[in-house]
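Structure below is input20.csv: CSV, C-alpha atoms and all ligand atoms.
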chain,number,residue,atom,x,y,z
A,185,MET,CA,-16.0,-31.1,-2.3
A,186,THR,CA,-19.3,-32.8,-1.7
A,187,GLN,CA,-21.5,-31.5,-4.4
A,188,SER,CA,-20.9,-32.0,-8.1
A,189,SER,CA,-21.6,-29.2,-10.5
A,190,ASP,CA,-24.6,-31.1,-12.0
A,191,GLN,CA,-26.3,-30.7,-8.6
A,192,ALA,CA,-25.7,-27.0,-8.6
A,193,PRO,CA,-28.5,-24.5,-9.3
A,194,ALA,CA,-28.6,-23.3,-12.9
A,195,GLN,CA,-26.2,-20.3,-13.3
A,196,ASP,CA,-27.7,-16.9,-13.9
A,197,PRO,CA,-25.2,-15.1,-16.1
A,198,ALA,CA,-26.3,-11.8,-14.5
A,199,ARG,CA,-25.2,-13.2,-11.1
A,200,THR,CA,-21.6,-14.1,-11.9
A,201,VAL,CA,-18.9,-12.8,-9.6
A,202,PRO,CA,-15.7,-11.8,-11.5
A,203,ALA,CA,-12.2,-12.4,-10.0
A,204,ALA,CA,-11.5,-8.7,-9.9
A,205,GLN,CA,-12.9,-5.3,-11.1
A,206,ILE,CA,-11.4,-1.9,-11.3
A,207,GLU,CA,-13.4,1.1,-10.0
A,208,PHE,CA,-13.3,4.4,-11.8
A,209,ARG,CA,-16.5,6.3,-11.1
A,210,ALA,CA,-18.0,8.6,-13.8
A,211,ASP,CA,-16.9,11.7,-12.0
A,212,ASP,CA,-13.4,10.3,-11.6
A,213,ARG,CA,-13.2,9.5,-15.3
A,214,GLN,CA,-14.3,13.0,-16.1
A,215,TRP,CA,-11.8,14.6,-13.8
A,216,ILE,CA,-9.0,12.5,-15.3
A,217,ALA,CA,-10.1,13.3,-18.9
A,218,ASP,CA,-10.2,17.0,-18.2
A,219,ARG,CA,-6.7,17.0,-16.9
A,220,ILE,CA,-5.4,14.8,-19.7
A,221,GLN,CA,-6.8,17.4,-22.1
A,222,GLU,CA,-4.9,20.0,-20.1
A,223,VAL,CA,-1.5,18.3,-20.3
A,224,LEU,CA,-2.1,17.5,-24.0
A,225,SER,CA,-2.7,21.2,-24.7
A,226,THR,CA,0.2,22.4,-22.6
A,227,GLY,CA,2.6,19.7,-23.8
A,228,GLN,CA,3.7,19.1,-20.2
A,229,LEU,CA,3.5,15.3,-20.5
A,230,THR,CA,6.2,14.0,-18.2
A,231,LEU,CA,7.9,15.0,-14.9
A,232,GLY,CA,5.3,17.8,-14.4
A,233,GLN,CA,3.0,19.1,-11.7
A,234,TYR,CA,0.8,16.0,-11.6
A,235,GLY,CA,3.7,13.7,-11.0
A,236,ARG,CA,4.9,16.0,-8.2
A,237,SER,CA,1.5,16.2,-6.7
A,238,PHE,CA,1.1,12.4,-6.8
A,239,GLU,CA,4.5,12.1,-5.0
A,240,GLU,CA,3.6,14.6,-2.3
A,241,LYS,CA,0.2,13.1,-1.7
A,242,PHE,CA,1.5,9.6,-1.6
A,243,ALA,CA,4.3,10.5,0.8
A,244,ALA,CA,1.8,12.1,3.1
A,245,PHE,CA,-0.5,9.1,2.8
A,246,CYS,CA,2.3,6.7,3.8
A,247,GLY,CA,3.8,9.1,6.5
A,248,VAL,CA,7.2,9.3,4.8
A,249,LYS,CA,9.4,12.2,3.8
A,250,HIS,CA,9.8,11.3,0.1
A,251,ALA,CA,7.9,9.5,-2.6
A,252,ILE,CA,9.4,9.2,-6.1
A,253,ALA,CA,7.1,8.2,-9.0
A,254,VAL,CA,8.3,5.8,-11.6
A,255,ASN,CA,6.7,3.8,-14.5
A,256,SER,CA,6.3,0.5,-12.7
A,257,GLY,CA,6.7,-1.4,-9.5
A,258,THR,CA,9.5,-3.4,-11.0
A,259,ALA,CA,11.4,-0.1,-11.7
A,260,SER,CA,10.7,1.1,-8.2
A,261,LEU,CA,12.2,-2.1,-6.7
A,262,GLU,CA,15.3,-1.9,-9.0
A,263,ILE,CA,15.9,1.7,-8.3
A,264,ALA,CA,15.6,1.2,-4.5
A,265,LEU,CA,18.1,-1.6,-4.7
A,266,ARG,CA,20.5,0.3,-6.9
A,267,ALA,CA,20.3,3.3,-4.5
A,268,LEU,CA,21.3,0.8,-1.8
A,269,GLU,CA,24.3,-0.4,-3.9
A,270,VAL,CA,23.5,-4.1,-4.0
A,271,ASP,CA,26.0,-4.8,-6.8
A,272,GLY,CA,28.0,-8.0,-6.0
A,273,LYS,CA,26.1,-8.6,-2.7
A,274,ASP,CA,23.4,-11.0,-1.5
A,275,VAL,CA,19.9,-9.8,-0.9
A,276,LEU,CA,17.4,-11.9,1.0
A,277,VAL,CA,14.1,-12.2,-0.8
A,278,PRO,CA,11.0,-14.3,0.0
A,279,ALA,CA,10.4,-17.5,-2.0
A,280,ASN,CA,6.7,-16.6,-2.0
A,281,THR,CA,6.6,-13.5,-4.2
A,282,PHE,CA,6.1,-12.3,-7.7
A,283,PHE,CA,8.9,-12.7,-10.3
A,284,ALA,CA,9.8,-9.0,-10.1
A,285,THR,CA,11.0,-9.1,-6.5
A,286,ALA,CA,13.8,-11.5,-7.3
A,287,ALA,CA,14.5,-10.3,-10.8
A,288,ALA,CA,15.0,-6.7,-9.6
A,289,VAL,CA,17.8,-7.9,-7.4
A,290,ILE,CA,19.6,-9.5,-10.3
A,291,HIS,CA,19.0,-6.5,-12.6
A,292,ALA,CA,20.6,-4.3,-9.9
A,293,GLY,CA,23.6,-6.5,-9.8
A,294,GLY,CA,22.9,-8.5,-6.6
A,295,ARG,CA,22.3,-12.2,-5.9
A,296,PRO,CA,18.9,-13.2,-4.5
A,297,VAL,CA,18.9,-15.6,-1.6
A,298,LEU,CA,15.5,-17.1,-1.1
A,299,MET,CA,13.8,-17.3,2.3
A,300,ASP,CA,11.1,-19.7,3.3
A,301,THR,CA,7.6,-18.6,4.1
A,302,ASP,CA,5.9,-17.8,7.5
A,303,PRO,CA,2.6,-19.7,7.3
A,304,GLU,CA,0.9,-17.2,9.6
A,305,ASN,CA,1.0,-14.4,7.0
A,306,PHE,CA,2.6,-15.9,3.9
A,307,GLY,CA,5.5,-13.4,4.4
A,308,THR,CA,8.8,-13.9,6.2
A,309,SER,CA,9.6,-14.5,9.9
A,310,PRO,CA,12.5,-12.9,11.7
A,311,GLU,CA,13.9,-16.4,12.4
A,312,GLU,CA,14.1,-17.1,8.7
A,313,ILE,CA,15.8,-13.8,8.0
A,314,GLU,CA,18.3,-14.4,10.7
A,315,ARG,CA,19.1,-17.9,9.6
A,316,ARG,CA,20.0,-16.7,6.0
A,317,ILE,CA,22.2,-13.8,6.9
A,318,THR,CA,25.9,-14.2,6.0
A,319,PRO,CA,28.8,-11.6,5.8
A,320,ASN,CA,27.8,-11.0,2.2
A,321,THR,CA,24.2,-10.1,3.0
A,322,ALA,CA,23.5,-6.4,2.2
A,323,GLY,CA,19.8,-6.4,3.1
A,324,VAL,CA,16.4,-8.0,3.1
A,325,VAL,CA,13.3,-7.5,1.1
A,326,VAL,CA,9.9,-8.4,2.6
A,327,VAL,CA,6.6,-8.5,0.8
A,328,HIS,CA,3.3,-7.8,2.5
A,329,ILE,CA,1.5,-10.6,0.8
A,330,GLY,CA,-2.2,-9.9,0.1
A,331,GLY,CA,-2.0,-6.6,2.0
A,332,ILE,CA,-1.2,-8.2,5.4
A,333,VAL,CA,1.7,-6.5,7.2
A,334,SER,CA,3.4,-9.0,9.5
A,335,GLY,CA,2.6,-8.6,13.2
A,336,ARG,CA,6.4,-9.1,13.7
A,337,MET,CA,7.5,-6.1,11.7
A,338,ARG,CA,9.0,-4.4,14.8
A,339,GLU,CA,11.1,-7.5,15.4
A,340,ILE,CA,12.2,-7.5,11.8
A,341,GLN,CA,13.2,-3.8,12.1
A,342,ALA,CA,15.2,-4.5,15.3
A,343,LEU,CA,16.9,-7.5,13.7
A,344,VAL,CA,18.1,-5.7,10.6
A,345,GLU,CA,19.3,-2.9,12.7
A,346,ARG,CA,21.2,-5.2,15.0
A,347,LYS,CA,22.8,-7.0,12.0
A,348,GLY,CA,23.7,-3.8,10.2
A,349,ILE,CA,21.8,-4.6,7.1
A,350,TRP,CA,18.9,-2.7,5.5
A,351,LEU,CA,15.2,-3.5,5.0
A,352,VAL,CA,13.3,-2.8,1.8
A,353,GLU,CA,9.5,-3.4,1.6
A,354,ASP,CA,8.1,-4.6,-1.6
A,355,ALA,CA,4.7,-3.0,-0.8
A,356,ALA,CA,3.2,-3.8,-4.2
A,357,HIS,CA,0.2,-5.3,-2.3
A,358,GLY,CA,0.3,-2.8,0.5
A,359,HIS,CA,-1.5,0.5,-0.4
A,360,GLY,CA,-3.3,1.6,2.7
A,361,ALA,CA,-2.1,-1.4,4.8
A,362,SER,CA,-0.4,-0.8,8.1
A,363,PHE,CA,0.8,-2.3,11.4
A,364,ASP,CA,1.1,-0.7,14.8
A,365,GLY,CA,0.3,2.7,13.3
A,366,THR,CA,3.0,2.5,10.6
A,367,SER,CA,2.0,2.4,7.0
A,368,ALA,CA,3.4,-0.2,4.5
A,369,GLY,CA,6.3,1.5,2.8
A,370,ALA,CA,7.4,3.3,6.0
A,371,PHE,CA,9.2,0.5,7.9
A,372,GLY,CA,12.5,0.2,6.1
A,373,ALA,CA,15.2,2.1,4.2
A,374,ALA,CA,12.8,2.2,1.3
A,375,GLY,CA,9.4,1.0,0.2
A,376,SER,CA,8.3,0.0,-3.3
A,377,PHE,CA,4.7,0.2,-4.6
A,378,SER,CA,3.1,-0.9,-7.9
A,379,PHE,CA,0.1,0.7,-9.5
A,380,TYR,CA,-0.5,-2.1,-12.0
A,381,PRO,CA,-4.2,-2.3,-12.8
A,382,THR,CA,-4.9,-5.3,-10.6
A,383,LYS,CA,-3.6,-3.5,-7.5
A,384,VAL,CA,-5.7,-1.9,-4.8
A,385,MET,CA,-5.2,1.4,-6.6
A,386,THR,CA,-3.8,2.0,-10.0
A,387,SER,CA,-2.2,4.6,-12.3
A,388,ALA,CA,-2.7,2.2,-15.3
A,389,GLU,CA,1.0,1.4,-15.0
A,390,GLY,CA,3.3,2.9,-12.4
A,391,GLY,CA,5.3,2.6,-9.3
A,392,MET,CA,6.5,4.6,-6.3
A,393,ILE,CA,9.6,4.5,-4.1
A,394,THR,CA,9.0,5.7,-0.5
A,395,THR,CA,11.7,6.7,1.9
A,396,ASN,CA,12.7,8.9,4.8
A,397,ASP,CA,16.3,8.9,3.6
A,398,ASP,CA,17.3,12.1,1.6
A,399,ARG,CA,20.2,10.3,-0.1
A,400,ILE,CA,18.0,7.4,-1.3
A,401,ALA,CA,15.4,9.9,-2.6
A,402,ASP,CA,18.1,11.9,-4.5
A,403,GLU,CA,19.6,8.7,-6.0
A,404,ALA,CA,16.1,7.5,-7.0
A,405,ARG,CA,15.4,10.7,-8.9
A,406,ILE,CA,18.7,10.4,-10.7
A,407,TYR,CA,18.2,6.7,-11.6
A,408,ARG,CA,14.7,7.2,-12.9
A,409,ASP,CA,15.8,9.9,-15.4
A,410,GLN,CA,18.6,8.1,-17.3
A,411,GLY,CA,21.1,8.5,-14.4
A,412,LYS,CA,21.2,12.3,-15.0
A,413,ALA,CA,22.6,14.3,-12.1
A,414,SER,CA,19.7,16.7,-12.5
A,415,PHE,CA,16.8,17.4,-14.9
A,416,THR,CA,18.5,20.3,-16.5
A,417,GLN,CA,22.1,18.9,-16.7
A,418,ASN,CA,23.3,16.5,-19.3
A,419,ALA,CA,25.8,14.8,-17.0
A,420,HIS,CA,24.9,11.1,-16.6
A,421,THR,CA,26.4,10.0,-13.3
A,422,ARG,CA,24.6,6.7,-12.7
A,423,LEU,CA,23.6,3.8,-15.0
A,424,GLY,CA,20.0,4.8,-14.9
A,425,TYR,CA,17.2,4.1,-17.3
A,426,ASN,CA,14.0,5.7,-18.6
A,427,TRP,CA,11.9,4.9,-15.5
A,428,ARG,CA,9.9,8.2,-15.6
A,429,MET,CA,6.2,8.3,-14.9
A,430,SER,CA,4.2,10.2,-17.5
A,431,GLU,CA,1.7,13.0,-16.5
A,432,PRO,CA,-1.4,11.1,-17.8
A,433,HIS,CA,-0.4,8.2,-15.5
A,434,ALA,CA,0.2,10.5,-12.6
A,435,ILE,CA,-3.2,12.1,-13.2
A,436,ILE,CA,-4.9,8.7,-12.9
A,437,GLY,CA,-2.8,7.9,-9.8
A,438,VAL,CA,-3.7,11.2,-8.1
A,439,ARG,CA,-7.4,10.6,-8.5
A,440,HIS,CA,-7.3,6.9,-7.5
A,441,LEU,CA,-5.2,7.8,-4.4
A,442,GLU,CA,-8.0,10.1,-3.3
A,443,ARG,CA,-10.4,7.2,-3.6
A,444,LEU,CA,-8.0,4.8,-1.8
A,445,PRO,CA,-9.5,5.1,1.7
A,446,GLU,CA,-13.0,4.4,0.6
A,447,MET,CA,-11.9,1.6,-1.8
A,448,VAL,CA,-10.0,-0.1,1.1
A,449,ALA,CA,-13.0,0.3,3.4
A,450,ALA,CA,-15.2,-1.4,0.8
A,451,ARG,CA,-12.8,-4.3,0.5
A,452,GLN,CA,-12.8,-4.5,4.3
A,453,ARG,CA,-16.6,-4.7,4.4
A,454,ILE,CA,-16.5,-7.6,2.0
A,455,ALA,CA,-13.7,-9.3,4.0
A,456,ALA,CA,-15.9,-9.0,7.1
A,457,ILE,CA,-18.7,-10.9,5.3
A,458,PHE,CA,-16.2,-13.6,4.3
A,459,ASP,CA,-14.8,-13.9,7.8
A,460,GLU,CA,-18.3,-14.4,9.2
A,461,GLY,CA,-19.4,-16.7,6.4
A,462,LEU,CA,-16.3,-19.0,6.6
A,463,LYS,CA,-16.7,-19.6,10.4
A,464,GLY,CA,-18.9,-22.6,9.8
A,465,LEU,CA,-16.8,-24.0,7.0
A,466,SER,CA,-14.0,-26.3,8.2
A,467,GLY,CA,-12.5,-26.7,4.7
A,468,LEU,CA,-11.1,-23.1,4.5
A,469,SER,CA,-9.0,-21.2,7.0
A,470,PRO,CA,-8.6,-17.6,6.3
A,471,LEU,CA,-5.3,-15.9,7.2
A,472,SER,CA,-5.8,-13.6,10.1
A,473,VAL,CA,-4.8,-10.0,10.3
A,474,PRO,CA,-2.5,-9.4,13.4
A,475,GLU,CA,-3.8,-7.3,16.2
A,476,GLY,CA,-2.8,-3.7,15.6
A,477,GLY,CA,-2.7,-4.4,11.8
A,478,VAL,CA,-4.9,-2.9,9.0
A,479,CYS,CA,-5.2,-5.1,6.0
A,480,ASN,CA,-6.3,-3.6,2.6
A,481,TYR,CA,-7.5,-7.0,1.4
A,482,TYR,CA,-5.6,-6.8,-1.9
A,483,LYS,CA,-6.3,-10.5,-1.6
A,484,TYR,CA,-8.5,-12.5,0.8
A,485,ILE,CA,-6.4,-15.5,1.4
A,486,ALA,CA,-7.7,-18.8,2.7
A,487,VAL,CA,-5.8,-22.0,3.3
A,488,LEU,CA,-7.2,-25.3,2.0
A,489,PRO,CA,-7.0,-28.7,3.6
A,490,GLU,CA,-4.1,-30.9,2.3
A,491,ALA,CA,-6.0,-33.3,0.1
A,492,LEU,CA,-8.2,-30.7,-1.7
A,493,ASP,CA,-7.7,-30.2,-5.4
A,494,ARG,CA,-7.5,-26.4,-6.0
A,495,LYS,CA,-8.0,-26.6,-9.7
A,496,ALA,CA,-11.1,-28.7,-9.4
A,497,LEU,CA,-12.5,-26.4,-6.7
A,498,LYS,CA,-12.0,-23.3,-8.9
A,499,THR,CA,-13.6,-25.0,-11.9
A,500,GLN,CA,-16.6,-26.1,-9.9
A,501,LEU,CA,-17.1,-22.7,-8.3
A,502,LYS,CA,-17.0,-21.0,-11.7
A,503,GLU,CA,-19.0,-23.5,-13.8
A,504,GLY,CA,-21.5,-24.3,-11.1
A,505,TYR,CA,-22.0,-21.0,-9.3
A,506,GLY,CA,-20.5,-18.3,-11.6
A,507,VAL,CA,-17.9,-17.5,-9.0
A,508,SER,CA,-14.3,-16.8,-10.2
A,509,LEU,CA,-11.6,-17.0,-7.6
A,510,ALA,CA,-8.8,-14.4,-7.8
A,511,GLY,CA,-5.2,-15.4,-8.7
A,512,GLU,CA,-3.1,-16.9,-6.0
A,513,VAL,CA,-0.3,-15.2,-4.1
A,514,TYR,CA,1.4,-17.2,-5.4
A,515,GLU,CA,0.6,-20.3,-7.4
A,516,ASP,CA,4.2,-21.4,-7.4
A,517,PRO,CA,7.2,-20.1,-5.3
A,518,ILE,CA,10.0,-18.3,-7.0
A,519,GLN,CA,12.3,-21.4,-7.1
A,520,ARG,CA,9.7,-23.2,-9.2
A,521,GLN,CA,10.0,-20.6,-11.9
A,522,PRO,CA,12.4,-22.1,-14.5
A,523,ILE,CA,14.6,-18.9,-14.6
A,524,PHE,CA,15.2,-19.1,-10.9
A,525,ALA,CA,15.7,-22.9,-10.4
A,526,GLN,CA,19.4,-22.3,-9.6
A,527,TYR,CA,18.4,-20.4,-6.4
A,528,ASP,CA,16.6,-23.5,-4.9
A,529,ASP,CA,18.6,-24.8,-2.0
A,530,GLY,CA,16.1,-27.5,-1.3
A,531,SER,CA,15.1,-25.9,2.0
A,532,LEU,CA,12.0,-23.9,0.9
A,533,LYS,CA,9.4,-26.4,1.9
A,534,VAL,CA,6.9,-24.2,3.6
A,535,SER,CA,6.7,-22.0,0.5
A,536,GLU,CA,5.9,-25.0,-1.7
A,537,ASP,CA,3.2,-26.1,0.7
A,538,VAL,CA,1.5,-22.7,1.1
A,539,CYS,CA,1.7,-21.9,-2.6
A,540,ALA,CA,0.0,-25.2,-3.4
A,541,ARG,CA,-2.6,-25.0,-0.7
A,542,HIS,CA,-4.5,-21.7,-0.7
A,543,VAL,CA,-7.1,-19.8,-2.6
A,544,CYS,CA,-7.9,-16.1,-2.9
A,545,LEU,CA,-11.6,-15.3,-2.8
A,546,PRO,CA,-12.7,-12.5,-5.2
A,547,VAL,CA,-12.6,-9.1,-3.5
A,548,PHE,CA,-12.9,-5.7,-5.1
A,549,SER,CA,-14.2,-2.3,-4.1
A,550,THR,CA,-17.4,-2.4,-6.3
A,551,MET,CA,-18.4,-5.9,-4.9
A,552,THR,CA,-21.9,-5.9,-3.4
A,553,ASP,CA,-22.8,-7.6,-0.2
A,554,GLY,CA,-25.0,-9.9,-2.3
A,555,GLN,CA,-22.0,-11.0,-4.4
A,556,ALA,CA,-20.0,-11.7,-1.2
A,557,HIS,CA,-22.8,-13.9,0.1
A,558,GLN,CA,-23.0,-15.6,-3.3
A,559,VAL,CA,-19.3,-16.5,-2.9
A,560,ILE,CA,-19.9,-17.9,0.6
A,561,ASP,CA,-23.0,-19.9,-0.6
A,562,ALA,CA,-21.0,-21.3,-3.5
A,563,LEU,CA,-18.2,-22.4,-1.2
A,564,LYS,CA,-20.7,-23.9,1.3
A,565,ARG,CA,-22.4,-25.9,-1.4
A,566,THR,CA,-19.1,-27.0,-3.0
A,567,LEU,CA,-17.2,-27.8,0.2
A,568,GLY,CA,-20.2,-29.1,2.2
B,601,LIG,C1,5.0,-8.4,-5.1
B,601,LIG,C2,5.1,-7.7,-6.4
B,601,LIG,N1,6.3,-7.1,-6.6
B,601,LIG,C3,6.5,-6.4,-7.7
B,601,LIG,C4,5.5,-6.2,-8.7
B,601,LIG,C5,5.8,-5.5,-9.9
B,601,LIG,O1,5.0,-4.4,-10.2
B,601,LIG,P1,4.7,-3.9,-11.7
B,601,LIG,O2,3.8,-4.9,-12.3
B,601,LIG,O3,4.1,-2.5,-11.5
B,601,LIG,O4,6.1,-3.8,-12.3
B,601,LIG,C6,4.2,-6.8,-8.4
B,601,LIG,C7,3.1,-6.6,-9.3
B,601,LIG,O5,2.8,-7.1,-10.3
B,601,LIG,C8,4.0,-7.6,-7.3
B,601,LIG,O6,2.9,-8.1,-7.0
Take the structure in this file and express it as structure tokens.
Amino acid sequence: MTQSSDQAPAQDPARTVPAAQIEFRADDRQWIADRIQEVLSTGQLTLGQYGRSFEEKFAAFCGVKHAIAVNSGTASLEIALRALEVDGKDVLVPANTFFATAAAVIHAGGRPVLMDTDPENFGTSPEEIERRITPNTAGVVVVHIGGIVSGRMREIQALVERKGIWLVEDAAHGHGASFDGTSAGAFGAAGSFSFYPTKVMTSAEGGMITTNDDRIADEARIYRDQGKASFTQNAHTRLGYNWRMSEPHAIIGVRHLERLPEMVAARQRIAAIFDEGLKGLSGLSPLSVPEGGVCNYYKYIAVLPEALDRKALKTQLKEGYGVSLAGEVYEDPIQRQPIFAQYDDGSLKVSEDVCARHVCLPVFSTMTDGQAHQVIDALKRTLG
């Protein structure tokens, strides 16, 4: 950083760029409110027509046979893993991911085995998967970090098939992302999405399991409703939970799913401004999207030079230029979380490096071109 904040132009509070912003247009809010009135008056508040409609539309959007709506992305991961019977087995999970990816394996009775990070896309390479497979490995979970689907997904699919294990995608970052014509959530035995408010689309809270496998879909429906064999029967055949999605949540999700293509396009427009603007700036190297890939820009990830102090950079951008950077993906790898320290085998060096050495530029669907240029100007002034 070459310019201190006291050299920065005085900050105009009207020109701040927030780290994130959720978009619900006035007509969307009205549409949602009307339907919430309807379900309040009919009393059909859970497992109803809007949940089914959300599932059908989401399955069609991802190009899969089934989608099963649940009340969080954490639940959708655990359900997929339970349906795949991980109890007592090892599941490979990335070191660079959110807490829930590894925690869901433990909740489902499995043991997470951490994999190091592919610096190309912050996800996992086929070599790293292969190196960690043992006779006790049941399957592997990959995460499409920041909305980039690895350009090596076909190799990963072929590898898991050859080894006789399954692939689950934690696609919490992946709504609308794809590679080689296949959508995130459609590469493996099952996909898991989150609709938490910070995601590319939201249902306030919620999650979705995607699968082409009829058995996994049936199991997922059983697990999400207290392990009941069917909605009308009181026979509990699995150790399920209340993982149901309510109708008001499904209504919000249905409407946001309709907006998803345009919200992704808006994020891509901002990302193109960043790509262009960062060309002349040697201090920041954006991750690139593989050829044949579509990124939804859940995050715009850029790698920092080794000696640069991320915390100081973030403070300087915010205080000097009104630009808030988004949260990292991730600030610390899983093995640095106290609850997961026991899973650190000392070999996860790339994850520690990439977690410490990147930033996420703010990107959201309502961002103006002017705001995107403001971010670039602030970076240029700060990094020189
Ligand atoms: C990679 C990843 N996995 C799982 C989750 C969990 O999703 P949720 O917050 O909907 O439970 C999240 C989101 O927060 C996530 O980013």
If the limit is 8 Å from any atom of ligand LIG 601 (chain B), counting all atoms listed in the file, which residues qualify? Return them as a compact mmCIF listing (two decimals) with C-alpha atoms, in the coordinates of the input.
# COMPACT_ATOMS: atom_id res chain seq x y z
CA ASN A 255 6.70 3.80 -14.50
CA SER A 256 6.30 0.50 -12.70
CA GLY A 257 6.70 -1.40 -9.50
CA THR A 258 9.50 -3.40 -11.00
CA ALA A 259 11.40 -0.10 -11.70
CA SER A 260 10.70 1.10 -8.20
CA LEU A 261 12.20 -2.10 -6.70
CA THR A 281 6.60 -13.50 -4.20
CA PHE A 282 6.10 -12.30 -7.70
CA PHE A 283 8.90 -12.70 -10.30
CA ALA A 284 9.80 -9.00 -10.10
CA THR A 285 11.00 -9.10 -6.50
CA VAL A 327 6.60 -8.50 0.80
CA HIS A 328 3.30 -7.80 2.50
CA ILE A 329 1.50 -10.60 0.80
CA ASP A 354 8.10 -4.60 -1.60
CA ALA A 355 4.70 -3.00 -0.80
CA ALA A 356 3.20 -3.80 -4.20
CA HIS A 357 0.20 -5.30 -2.30
CA SER A 376 8.30 0.00 -3.30
CA PHE A 377 4.70 0.20 -4.60
CA SER A 378 3.10 -0.90 -7.90
CA PHE A 379 0.10 0.70 -9.50
CA TYR A 380 -0.50 -2.10 -12.00
CA THR A 382 -4.90 -5.30 -10.60
CA LYS A 383 -3.60 -3.50 -7.50
CA GLU A 389 1.00 1.40 -15.00
CA GLY A 390 3.30 2.90 -12.40
CA GLY A 391 5.30 2.60 -9.30
Which residues of range 205-253 of chain A sit at most 10 Å from range 399-417 of chain A, using all atoms listed in the file? Give each one's shortest atom pair and distance in Å (one decimal place), in chain and ascending residue order, as a Markdown table.
| residue | atom | partner | partner_atom | distance |
| --- | --- | --- | --- | --- |
| A:Leu231 | CA | A:Phe415 | CA | 9.2 |
| A:Lys249 | CA | A:Ala401 | CA | 9.1 |
| A:His250 | CA | A:Ala401 | CA | 6.4 |
| A:Ala251 | CA | A:Ala401 | CA | 7.5 |
| A:Ile252 | CA | A:Arg405 | CA | 6.8 |
| A:Ala253 | CA | A:Arg408 | CA | 8.6 |
Of the listed residues A:Ala322, A:Tyr482, A:Glu345, A:Leu462, that which approaches His359 in chain A most closely, counting all atoms listed in the file: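 Answer, going by the shortest atom-to-atom distance: A:Tyr482.
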Find the residues near Lys533 in chain A: any atom within 12 Å, counting only C-alpha atoms, skip ones fewer than 2 places away on the same chain, and give them as a PDB file with C-alpha atoms, in the frame of the given file.
ATOM      1  CA  ALA A 279      10.400 -17.500  -2.000  1.00  0.00           C
ATOM      2  CA  ASN A 280       6.700 -16.600  -2.000  1.00  0.00           C
ATOM      3  CA  LEU A 298      15.500 -17.100  -1.100  1.00  0.00           C
ATOM      4  CA  MET A 299      13.800 -17.300   2.300  1.00  0.00           C
ATOM      5  CA  ASP A 300      11.100 -19.700   3.300  1.00  0.00           C
ATOM      6  CA  THR A 301       7.600 -18.600   4.100  1.00  0.00           C
ATOM      7  CA  ASP A 302       5.900 -17.800   7.500  1.00  0.00           C
ATOM      8  CA  PRO A 303       2.600 -19.700   7.300  1.00  0.00           C
ATOM      9  CA  ASP A 516       4.200 -21.400  -7.400  1.00  0.00           C
ATOM     10  CA  PRO A 517       7.200 -20.100  -5.300  1.00  0.00           C
ATOM     11  CA  GLN A 519      12.300 -21.400  -7.100  1.00  0.00           C
ATOM     12  CA  ARG A 520       9.700 -23.200  -9.200  1.00  0.00           C
ATOM     13  CA  ASP A 528      16.600 -23.500  -4.900  1.00  0.00           C
ATOM     14  CA  ASP A 529      18.600 -24.800  -2.000  1.00  0.00           C
ATOM     15  CA  GLY A 530      16.100 -27.500  -1.300  1.00  0.00           C
ATOM     16  CA  SER A 531      15.100 -25.900   2.000  1.00  0.00           C
ATOM     17  CA  SER A 535       6.700 -22.000   0.500  1.00  0.00           C
ATOM     18  CA  GLU A 536       5.900 -25.000  -1.700  1.00  0.00           C
ATOM     19  CA  ASP A 537       3.200 -26.100   0.700  1.00  0.00           C
ATOM     20  CA  VAL A 538       1.500 -22.700   1.100  1.00  0.00           C
ATOM     21  CA  CYS A 539       1.700 -21.900  -2.600  1.00  0.00           C
ATOM     22  CA  ALA A 540       0.000 -25.200  -3.400  1.00  0.00           C
TER      23      ALA A 540
END
Which polymer residues have any atom within 7 Å of an atom of Phe363 in chain A, counting only C-alpha atoms, with same-chain residues fewer than 6 positions away left out, as a PyMOL selection string? chain A and resi 333+335+476-478
Pick from A:Thr395, A:Leu501, A:Val384, A:Arg443, whichever lies nearest to Asp211 in chain A using only C-alpha atoms: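 For Asp211 in chain A, the nearest of the given residues is A:Arg443.
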Residue with the minimum atom-to-atom distance to Val507 in chain A, picked from A:Gly294, A:Thr200, A:Asp397, A:Ile332 with all atoms listed in the file counted, is A:Thr200
Quick one, how far is CA of Glu314 in chain A from CA of Val352 in chain A? 15.5 Å
Between CA of Phe548 in chain A and CA of Glu446 in chain A, what is the distance in Å, rounded to a tenth?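 The value is 11.6 Å.
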Counting all atoms listed in the file, find residues at most 12 Å from (20.4, -17.2, 10.4) (file frame) and give them as a list in words. Leu276, Met299, Asp300, Ser309, Pro310, Glu311, Glu312, Ile313, Glu314, Arg315, Arg316, Ile317, Thr318, Pro319, Thr321, Leu343, Val344 and Lys347 of chain A
Complete the atom set of range 387-391 of chain A to N, CA and C atoms and return it as a short mmCIF file (atom, residue, chain, number, x, y, z; two decimals), in the frame of the given file.
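Produced file out24.cif, reproduced below:
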data_model
loop_
_atom_site.label_atom_id
_atom_site.label_comp_id
_atom_site.auth_asym_id
_atom_site.auth_seq_id
_atom_site.Cartn_x
_atom_site.Cartn_y
_atom_site.Cartn_z
N SER A 387 -2.46 3.47 -11.45
CA SER A 387 -2.20 4.60 -12.30
C SER A 387 -2.14 4.12 -13.76
N ALA A 388 -2.76 3.00 -14.04
CA ALA A 388 -2.70 2.20 -15.30
C ALA A 388 -1.41 1.40 -15.29
N GLU A 389 -0.27 2.03 -15.31
CA GLU A 389 1.00 1.40 -15.00
C GLU A 389 1.72 2.44 -14.12
N GLY A 390 2.59 1.97 -13.27
CA GLY A 390 3.30 2.90 -12.40
C GLY A 390 3.86 2.29 -11.19
N GLY A 391 4.72 3.05 -10.53
CA GLY A 391 5.30 2.60 -9.30
C GLY A 391 5.73 3.77 -8.44
#
